[in-house]
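K.L.:
File data.txt follows (compact mmCIF, C-alpha atoms):
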# COMPACT_ATOMS: atom_id res chain seq x y z
CA MET A 1 51.11 -36.22 148.62
CA MET A 2 51.98 -32.76 149.89
CA VAL A 3 49.31 -30.17 149.16
CA ILE A 4 50.20 -26.49 149.52
CA ARG A 5 47.05 -24.39 149.71
CA SER A 6 46.60 -20.91 148.36
CA GLY A 7 46.89 -18.37 151.13
CA ASP A 8 49.03 -20.51 153.45
CA SER A 9 51.39 -18.61 155.70
CA LEU A 10 55.13 -18.84 155.17
CA ASN A 11 55.39 -21.04 158.26
CA ASP A 12 52.77 -23.42 156.85
CA ILE A 13 54.59 -23.67 153.53
CA GLU A 14 57.98 -24.16 155.18
CA LEU A 15 56.52 -26.82 157.49
CA ASP A 16 55.02 -28.71 154.54
CA LEU A 17 58.30 -28.61 152.64
CA ILE A 18 60.33 -29.82 155.64
CA VAL A 19 58.14 -32.81 156.50
CA GLU A 20 57.93 -33.76 152.82
CA ALA A 21 61.73 -33.58 152.55
CA ILE A 22 62.15 -35.80 155.63
CA TRP A 23 59.75 -38.33 154.16
CA ARG A 24 61.24 -38.40 150.67
CA ARG A 25 64.88 -38.33 151.81
CA TYR A 26 64.74 -40.64 154.85
CA GLN A 27 61.26 -42.27 154.87
CA TYR A 28 60.36 -40.88 158.28
CA ASP A 29 56.75 -39.81 157.99
CA PHE A 30 55.70 -36.79 160.06
CA ARG A 31 53.11 -35.58 157.56
CA ASP A 32 50.14 -36.48 159.77
CA TYR A 33 51.57 -35.27 163.06
CA SER A 34 49.89 -32.35 164.80
CA ARG A 35 51.00 -29.24 162.91
CA ALA A 36 51.09 -27.01 165.98
CA SER A 37 53.31 -29.49 167.81
CA LEU A 38 55.61 -29.93 164.81
CA LEU A 39 55.97 -26.18 164.37
CA ARG A 40 57.02 -25.70 168.01
CA ARG A 41 59.62 -28.45 167.74
CA LEU A 42 60.97 -27.26 164.41
CA GLU A 43 61.40 -23.77 165.81
CA ARG A 44 63.57 -25.27 168.57
CA ALA A 45 65.53 -27.19 165.94
CA GLN A 46 65.94 -23.96 163.95
CA ALA A 47 67.57 -22.32 166.96
CA HIS A 48 69.80 -25.34 167.57
CA PHE A 49 71.07 -25.46 163.99
CA GLY A 50 71.45 -21.67 163.85
CA VAL A 51 69.39 -21.05 160.72
CA ALA A 52 67.50 -17.80 160.22
CA HIS A 53 64.27 -19.34 158.93
CA LEU A 54 62.51 -22.68 159.12
CA SER A 55 63.28 -23.21 155.45
CA GLY A 56 66.96 -23.14 156.39
CA LEU A 57 66.41 -26.59 157.86
CA LEU A 58 65.82 -27.90 154.34
CA ASP A 59 69.51 -27.51 153.53
CA VAL A 60 70.37 -29.36 156.72
CA ILE A 61 67.91 -32.17 155.98
CA LEU A 62 68.85 -32.65 152.35
CA HIS A 63 72.64 -32.30 152.54
CA ASP A 64 73.70 -33.44 156.01
CA SER A 65 72.39 -36.92 156.77
CA ALA A 66 74.37 -36.98 160.02
CA SER A 67 72.01 -34.32 161.35
CA LEU A 68 68.98 -36.60 161.06
CA PRO A 69 69.20 -38.21 164.54
CA VAL A 70 69.46 -34.75 166.09
CA LEU A 71 66.47 -33.48 164.15
CA ILE A 72 64.42 -36.60 164.99
CA GLY A 73 65.24 -35.90 168.62
CA PHE A 74 63.58 -32.51 168.30
CA LEU A 75 60.56 -33.93 166.48
CA THR A 76 59.84 -36.67 169.00
CA ILE A 77 59.23 -36.43 172.73
CA GLN A 78 61.73 -38.62 174.60
CA VAL A 79 61.22 -37.56 178.20
CA SER A 80 59.04 -39.58 180.54
CA ASP A 81 59.23 -40.98 184.07
CA MET A 82 59.27 -44.47 185.44
CA PHE A 83 55.80 -45.42 186.71
CA ARG A 84 54.43 -42.16 185.34
CA ASP A 85 50.76 -41.88 186.40
CA PRO A 86 51.13 -44.49 189.16
CA GLU A 87 47.46 -45.49 189.12
CA TYR A 88 47.93 -46.76 185.57
CA PHE A 89 50.70 -49.09 186.70
CA ARG A 90 48.81 -50.10 189.84
CA THR A 91 45.89 -51.13 187.62
CA ILE A 92 48.21 -53.06 185.32
CA ARG A 93 49.64 -54.79 188.39
CA GLU A 94 46.37 -55.58 190.16
CA THR A 95 43.80 -56.14 187.41
CA VAL A 96 45.48 -56.57 184.01
CA ILE A 97 48.36 -58.89 184.88
CA PRO A 98 46.07 -61.52 186.45
CA HIS A 99 44.30 -61.81 183.08
CA LEU A 100 47.57 -61.87 181.16
CA ALA A 101 48.83 -64.65 183.43
CA THR A 102 46.26 -66.99 181.88
CA TRP A 103 48.19 -66.96 178.58
CA PRO A 104 51.03 -69.52 178.37
CA THR A 105 53.32 -66.87 176.92
CA ILE A 106 52.86 -63.11 177.06
CA LYS A 107 53.99 -60.48 174.59
CA VAL A 108 53.99 -56.77 175.43
CA TRP A 109 54.41 -54.01 172.86
CA ILE A 110 55.61 -50.66 174.21
CA ALA A 111 54.98 -48.40 171.22
CA GLY A 112 56.91 -45.16 171.58
CA CYS A 113 59.20 -46.42 174.32
CA ALA A 114 61.33 -43.23 174.31
CA ASN A 115 64.33 -43.65 176.60
CA GLY A 116 62.94 -46.77 178.24
CA GLU A 117 61.23 -45.49 181.37
CA GLU A 118 57.98 -47.30 180.58
CA PHE A 119 59.73 -50.52 179.61
CA TYR A 120 61.64 -50.75 182.90
CA SER A 121 58.45 -49.96 184.80
CA LEU A 122 56.58 -52.80 183.13
CA ALA A 123 59.53 -55.20 183.33
CA ILE A 124 59.63 -54.67 187.09
CA LEU A 125 55.88 -55.28 187.38
CA PHE A 126 56.12 -58.54 185.46
CA ARG A 127 59.12 -59.65 187.52
CA GLU A 128 57.26 -58.96 190.74
CA ALA A 129 54.29 -60.92 189.40
CA GLY A 130 56.52 -63.93 188.69
CA LEU A 131 55.93 -63.67 184.93
CA GLU A 132 59.33 -62.44 183.77
CA ASP A 133 60.34 -65.74 182.16
CA ARG A 134 57.05 -66.01 180.25
CA THR A 135 57.04 -62.47 178.88
CA MET A 136 58.62 -60.88 175.81
CA PHE A 137 58.78 -57.11 175.50
CA TYR A 138 58.87 -55.35 172.15
CA CYS A 139 60.14 -51.80 172.71
CA THR A 140 59.75 -49.63 169.62
CA ASP A 141 60.35 -46.02 168.76
CA ILE A 142 61.05 -43.87 165.72
CA SER A 143 64.26 -42.51 167.28
CA ARG A 144 67.34 -44.74 167.14
CA PRO A 145 69.25 -42.64 169.72
CA ALA A 146 66.31 -43.03 172.12
CA LEU A 147 66.29 -46.79 171.57
CA ALA A 148 70.02 -46.92 172.34
CA LYS A 149 69.41 -45.07 175.61
CA ALA A 150 66.53 -47.40 176.46
CA GLU A 151 68.67 -50.46 175.85
CA ALA A 152 71.48 -49.04 177.99
CA GLY A 153 69.15 -48.57 180.97
CA ILE A 154 71.11 -45.67 182.46
CA PHE A 155 69.35 -42.67 184.02
CA ASP A 156 70.56 -39.55 185.80
CA ILE A 157 70.69 -40.13 189.53
CA GLU A 158 68.64 -37.01 190.29
CA ARG A 159 65.64 -38.61 188.58
CA ILE A 160 65.63 -41.65 190.85
CA ALA A 161 63.79 -39.99 193.77
CA GLY A 162 60.81 -39.27 191.50
CA PHE A 163 60.98 -42.76 190.00
CA SER A 164 61.01 -44.28 193.50
CA ARG A 165 58.03 -42.23 194.65
CA ASN A 166 56.02 -43.31 191.62
CA TYR A 167 57.05 -46.95 192.18
CA ARG A 168 55.72 -46.87 195.74
CA GLU A 169 52.46 -45.22 194.66
CA ALA A 170 52.08 -47.87 191.95
CA GLY A 171 52.10 -50.60 194.60
CA GLY A 172 55.75 -51.60 194.43
CA LYS A 173 56.54 -54.68 196.47
CA GLY A 174 60.00 -53.66 197.60
CA SER A 175 62.39 -50.81 196.94
CA LEU A 176 63.23 -49.51 193.49
CA SER A 177 66.87 -49.67 194.58
CA ASP A 178 66.57 -53.45 194.30
CA TYR A 179 66.66 -52.97 190.53
CA TYR A 180 69.60 -50.65 189.93
CA THR A 181 73.14 -49.87 190.98
CA ALA A 182 74.17 -46.27 191.42
CA ASN A 183 77.23 -44.10 191.51
CA SER A 184 77.45 -40.36 192.09
CA ASN A 185 75.96 -39.46 188.71
CA VAL A 186 73.85 -42.25 187.24
CA ALA A 187 71.70 -45.25 188.07
CA ARG A 188 72.17 -48.37 185.92
CA PHE A 189 69.19 -50.72 185.85
CA ASP A 190 69.62 -54.48 186.14
CA PRO A 191 70.62 -55.80 182.68
CA ALA A 192 68.59 -58.96 183.41
CA LEU A 193 65.44 -56.86 183.02
CA ARG A 194 66.36 -56.60 179.32
CA ARG A 195 66.97 -60.33 178.88
CA ARG A 196 63.60 -60.81 177.19
CA ALA A 197 63.32 -57.45 175.47
CA VAL A 198 63.72 -56.46 171.83
CA PHE A 199 64.44 -52.81 170.96
CA ALA A 200 63.45 -51.96 167.39
CA ASP A 201 62.88 -48.99 165.11
CA HIS A 202 59.18 -48.82 164.21
CA ASN A 203 57.17 -45.94 162.78
CA LEU A 204 53.45 -45.90 163.55
CA ALA A 205 52.95 -43.56 160.58
CA SER A 206 54.28 -45.96 157.94
CA ASP A 207 55.18 -49.42 159.29
CA ALA A 208 52.96 -52.47 159.59
CA VAL A 209 52.00 -54.85 162.38
CA PHE A 210 54.91 -57.12 163.29
CA SER A 211 53.54 -59.49 165.95
CA GLU A 212 50.52 -60.55 167.92
CA VAL A 213 50.76 -59.26 171.49
CA GLN A 214 48.58 -59.44 174.58
CA LEU A 215 49.27 -55.91 175.85
CA VAL A 216 49.97 -52.71 173.95
CA SER A 217 51.12 -49.80 176.09
CA SER A 218 51.46 -46.62 174.03
CA ARG A 219 51.19 -43.63 176.27
CA ASN A 220 51.38 -39.98 175.27
CA VAL A 221 52.13 -40.78 171.63
CA LEU A 222 48.73 -40.31 169.97
CA ILE A 223 48.37 -36.78 171.32
CA TYR A 224 51.01 -35.66 168.81
CA PHE A 225 49.14 -37.17 165.83
CA ASP A 226 46.28 -35.76 163.80
CA ARG A 227 43.02 -37.75 163.63
CA ALA A 228 43.96 -39.78 160.53
CA LEU A 229 47.26 -40.89 162.03
CA GLN A 230 45.61 -41.64 165.38
CA ASP A 231 43.22 -43.94 163.52
CA ARG A 232 46.12 -45.62 161.73
CA ALA A 233 47.99 -46.26 164.98
CA LEU A 234 44.88 -47.55 166.74
CA GLY A 235 44.28 -49.82 163.75
CA LEU A 236 47.76 -51.30 164.20
CA PHE A 237 47.08 -51.84 167.88
CA ALA A 238 43.75 -53.51 167.14
CA GLN A 239 45.38 -55.80 164.58
CA SER A 240 48.11 -56.73 167.05
CA LEU A 241 45.79 -57.72 169.89
CA PRO A 242 43.85 -60.99 170.15
CA PRO A 243 40.36 -60.96 171.66
CA GLY A 244 40.79 -60.17 175.34
CA GLY A 245 44.10 -58.36 174.84
CA PHE A 246 44.67 -54.99 176.48
CA LEU A 247 45.47 -51.47 175.24
CA GLY A 248 46.81 -48.76 177.54
CA LEU A 249 46.99 -45.12 176.45
CA GLY A 250 48.05 -41.83 178.01
CA SER A 251 45.91 -39.73 180.32
CA LYS A 252 44.72 -37.42 177.53
CA GLU A 253 44.24 -40.15 174.89
CA THR A 254 41.21 -42.26 173.99
CA VAL A 255 39.85 -44.74 171.48
CA ALA A 256 36.48 -42.97 171.62
CA PHE A 257 35.39 -41.30 168.38
CA SER A 258 38.12 -43.12 166.45
CA ALA A 259 37.63 -45.43 163.48
CA GLU A 260 38.60 -48.33 165.77
CA THR A 261 36.26 -47.60 168.66
CA GLU A 262 34.14 -50.73 168.07
CA CYS A 263 37.24 -52.93 168.40
CA PHE A 264 37.62 -52.04 172.08
CA SER A 265 35.55 -52.13 175.24
CA ASP A 266 36.12 -50.21 178.44
CA PHE A 267 38.18 -52.03 181.05
CA ALA A 268 39.55 -49.33 183.35
CA PRO A 269 38.35 -46.04 181.81
CA ALA A 270 39.85 -43.77 184.46
CA GLU A 271 43.29 -45.30 183.87
CA LYS A 272 42.82 -45.32 180.06
CA ILE A 273 42.89 -49.09 179.61
CA TRP A 274 40.71 -50.88 177.05
CA ARG A 275 40.20 -54.50 176.06
CA ARG A 276 40.12 -55.92 172.52
CA THR A 277 36.68 -57.21 171.59
CA THR A 278 36.10 -58.67 168.13
CA HIS A 279 38.74 -60.57 166.21
CA ASP A 280 37.88 -59.76 162.61
CA VAL A 281 40.66 -57.20 162.08
CA GLN A 282 43.22 -59.34 163.85
CA GLU A 283 42.37 -62.40 161.76
CA ALA A 284 42.66 -60.41 158.55
CA ALA A 285 46.06 -59.05 159.53
CA PHE A 286 47.59 -62.45 160.28
CA ALA A 287 45.75 -64.59 157.73
CA GLU A 288 47.96 -66.19 155.12
So, in terms of structure tokens, how does the structure I just supplied come out?
P.N.:
Amino acid sequence: MMVIRSGDSLNDIELDLIVEAIWRRYQYDFRDYSRASLLRRLERAQAHFGVAHLSGLLDVILHDSASLPVLIGFLTIQVSDMFRDPEYFRTIRETVIPHLATWPTIKVWIAGCANGEEFYSLAILFREAGLEDRTMFYCTDISRPALAKAEAGIFDIERIAGFSRNYREAGGKGSLSDYYTANSNVARFDPALRRRAVFADHNLASDAVFSEVQLVSSRNVLIYFDRALQDRALGLFAQSLPPGGFLGLGSKETVAFSAETECFSDFAPAEKIWRRTTHDVQEAAFAE
């Protein structure tokens, strides 16, 4: 429930009203996102929609449902890079995948997949490890337009040089050009990489666990949540993972000091990769 405190600034009150309106009108829950981050993004949305005050966004939210995808685009970060933080992907390649290969089938959840950069990075790793046919990828995000871009697999050609550099630093076995076709403006990634991928709308703030997976990769998502929502998301990840499953987070994210810290043990701390320990939460989530 929204609580407006005595003495709040106008910005605080407007922010509370906007996120409550989004939740009640569309069931997108931003109420436990970092307030400072939300305020910065809403100010950009305010300029885009040409309203004089933040509260002017309320009229947009409540009376123009077609504006929702645009507003969600402002409220969520959809820009990443393929093989961002190459050491993370090198560690997945060299030390995580050999463990995952011991499972007969592998499921990977990319939570907050944005425009698909992380999915294509992981899909290439699993192809190069010979595990493509045994692996299912669940690519989820709160933004439907971002999911559509991820499923299309099309990126501006000027980004490819950076993607290729990261791929090499992550231990790539060939050339990134093996995986896309290009024209003067865009690079289109091999549609076969998506053959075993599902792209789905999922909100870490309000939705439940949907599958058991062996790897959760959710990078640079938790940093935009407050502590309560971080705990909720980490709880979903813990419930999704069997004992021995892996969790990868962003460079500024951690399970330390969270309500779920005892569910994970260090695996590659420098690369922000943990391993699921006990199975009590997982059993409770999937018990009938």
K.L.:
What are the closest atom pairs, with distances in Å to one decimal, for all residues of stretch 136-214 of chain A lying within 9 Å of stretch 67-85 of chain A? Consider only C-alpha atoms, order rows by chain and residue number, and present the result as a Markdown table.
P.N.:
| residue | atom | partner | partner_atom | distance |
| --- | --- | --- | --- | --- |
| A:Ile142 | CA | A:Thr76 | CA | 8.0 |
| A:Ser143 | CA | A:Ile72 | CA | 6.3 |
| A:Arg144 | CA | A:Pro69 | CA | 7.3 |
| A:Pro145 | CA | A:Pro69 | CA | 6.8 |
| A:Ala146 | CA | A:Gln78 | CA | 6.8 |
| A:Arg159 | CA | A:Asp81 | CA | 8.2 |
| A:Ile160 | CA | A:Met82 | CA | 8.8 |
| A:Gly162 | CA | A:Asp81 | CA | 7.8 |
| A:Phe163 | CA | A:Met82 | CA | 5.2 |
| A:Ser164 | CA | A:Met82 | CA | 8.2 |
| A:Arg165 | CA | A:Phe83 | CA | 8.8 |
| A:Asn166 | CA | A:Phe83 | CA | 5.3 |
| A:Tyr167 | CA | A:Phe83 | CA | 5.8 |
| A:Glu169 | CA | A:Phe83 | CA | 8.6 |
| A:Ala170 | CA | A:Phe83 | CA | 6.9 |
K.L.:
Hey, can you spit out that residue selection with C-alpha atoms as a PDB file, in the coordinates of the input?
P.N.:
ATOM      1  CA  ILE A 142      61.050 -43.870 165.720  1.00  0.00           C
ATOM      2  CA  SER A 143      64.260 -42.510 167.280  1.00  0.00           C
ATOM      3  CA  ARG A 144      67.340 -44.740 167.140  1.00  0.00           C
ATOM      4  CA  PRO A 145      69.250 -42.640 169.720  1.00  0.00           C
ATOM      5  CA  ALA A 146      66.310 -43.030 172.120  1.00  0.00           C
ATOM      6  CA  ARG A 159      65.640 -38.610 188.580  1.00  0.00           C
ATOM      7  CA  ILE A 160      65.630 -41.650 190.850  1.00  0.00           C
ATOM      8  CA  GLY A 162      60.810 -39.270 191.500  1.00  0.00           C
ATOM      9  CA  PHE A 163      60.980 -42.760 190.000  1.00  0.00           C
ATOM     10  CA  SER A 164      61.010 -44.280 193.500  1.00  0.00           C
ATOM     11  CA  ARG A 165      58.030 -42.230 194.650  1.00  0.00           C
ATOM     12  CA  ASN A 166      56.020 -43.310 191.620  1.00  0.00           C
ATOM     13  CA  TYR A 167      57.050 -46.950 192.180  1.00  0.00           C
ATOM     14  CA  GLU A 169      52.460 -45.220 194.660  1.00  0.00           C
ATOM     15  CA  ALA A 170      52.080 -47.870 191.950  1.00  0.00           C
TER      16      ALA A 170
END
K.L.:
Go through A:Val60, A:Leu15, A:Ile97, A:Leu222 one by one, measure the shortest atom-to-atom distance of each to A:Leu38 using all atoms listed in the file, and give the residue with the smallest value.
P.N.:
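That would be A:Leu15, the residue with the smallest distance to A:Leu38.
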K.L.:
Wanna dump the stretch 22-107 of chain A-stretch 236-245 of chain A contacts at 12 Å for me, each residue with its shortest atom pair and the distance in Å to one decimal, counting only C-alpha atoms, ordered by chain and number, as CSV?
P.N.:
residue,atom,partner,partner_atom,distance
A:Val96,CA,A:Gly245,CA,9.4
A:Ile97,CA,A:Gly245,CA,10.9
A:His99,CA,A:Gly244,CA,8.7
A:Leu100,CA,A:Gly245,CA,8.0
A:Ala101,CA,A:Gly245,CA,11.7
A:Thr102,CA,A:Gly244,CA,10.9
A:Trp103,CA,A:Gly245,CA,10.2
A:Ile106,CA,A:Gly245,CA,10.2
A:Lys107,CA,A:Leu241,CA,9.8
K.L.:
Could you build a table of the residues in stretch 15-70 of chain A lying no more than 9 Å from stretch 204-219 of chain A, giving for each the nearest pair of atoms and their separation in Å rounded to one decimal place, using only C-alpha atoms, ordered by chain and ascending residue number, as a Markdown table?
P.N.:
| residue | atom | partner | partner_atom | distance |
| --- | --- | --- | --- | --- |
| A:Gln27 | CA | A:Ser206 | CA | 8.5 |
| A:Tyr28 | CA | A:Ser206 | CA | 7.9 |
| A:Asp29 | CA | A:Ala205 | CA | 5.9 |
| A:Phe30 | CA | A:Ala205 | CA | 7.3 |
| A:Arg31 | CA | A:Ala205 | CA | 8.5 |
| A:Asp32 | CA | A:Ala205 | CA | 7.7 |
| A:Tyr33 | CA | A:Ala205 | CA | 8.8 |
K.L.:
A:Gly172, A:Gly153, A:Pro104, A:Gly235: which is nearest A:Arg127, counting all atoms listed in the file?
P.N.:
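Residue with the minimum atom-to-atom distance to A:Arg127: A:Gly172.
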